[in-house]
Amino acid sequence: MEKGPSEYAKYWTSDYNELYHFYAHADEFGYVLIRDYSKAAVDFLNRDDEDIESFTAKDGRVYKYDPNTNELLISRDGKIVNYFPPINGEDYFYGQFDKVGDFWN
């Protein structure tokens, strides 16, 4: 695995955050390189398919989930906070809305 940060670090809240979440979640997607993991996160951040659900939390974070690919991304102010495939995907996503949600996007 790379030591990072990648050329996509500018899309994350910090270089440290990119590295931390790469080490925590890249293998769950099957990524070995930080640039591939972060590129996938950026691509998902910018994707706007009709199947994607999203909501804004009370603290301003945006939670975005695709049930077809089981990708979940959390962002704040347009920057990536976290990107991972949640266990029990939809249940996890809707559970987060119940905990921290403010309104559906």
# chains A, B, ... in the order shown; residues from 1 in each chain; ligands from 1
>>> select_by_dssp(residues="chain A", states="helix (DSSP H, G or I)", output="PyMOL selection string")
chain A and resi 9-11+15-29+34-46+89-100
>>> residues_around(residues="segment 80-91 of chain A", least_positions_apart="2", cutoff="6 Å", atoms="only C-alpha atoms", output="JSON, numbers by chain")
{"A": [12, 13, 25, 70, 71, 72, 73, 74, 75, 93, 94, 95]}
>>> write_last_selection(atoms="C-alpha atoms", output="PDB file, in the first residue's frame")
ATOM      1  CA  TRP A  12     -10.759  15.378   1.060  1.00  0.00           C
ATOM      2  CA  THR A  13     -11.076  17.442   4.228  1.00  0.00           C
ATOM      3  CA  HIS A  25     -11.683   1.090   3.833  1.00  0.00           C
ATOM      4  CA  ASN A  70     -23.320  -0.204  -1.728  1.00  0.00           C
ATOM      5  CA  GLU A  71     -21.170   2.947  -1.714  1.00  0.00           C
ATOM      6  CA  LEU A  72     -21.622   5.501   1.036  1.00  0.00           C
ATOM      7  CA  LEU A  73     -19.887   8.861   1.033  1.00  0.00           C
ATOM      8  CA  ILE A  74     -20.004  11.563   3.672  1.00  0.00           C
ATOM      9  CA  SER A  75     -18.974  15.078   2.696  1.00  0.00           C
ATOM     10  CA  PHE A  93     -27.795   4.555   5.638  1.00  0.00           C
ATOM     11  CA  TYR A  94     -31.386   5.016   6.848  1.00  0.00           C
ATOM     12  CA  GLY A  95     -30.239   4.449  10.414  1.00  0.00           C
TER      13      GLY A  95
END
>>> residues_around(residues="Thr56 of chain A", least_positions_apart="2", cutoff="10 Å", atoms="only C-alpha atoms", output="MDAnalysis selection string")
chainID A and resid 54 58:64 74:76 97 100:105
>>> select_by_dssp(residues="segment 42-93 of chain A", states="strand (DSSP E or B)", output="MDAnalysis selection string")
chainID A and resid 53:57 62:66 71:76 79:84
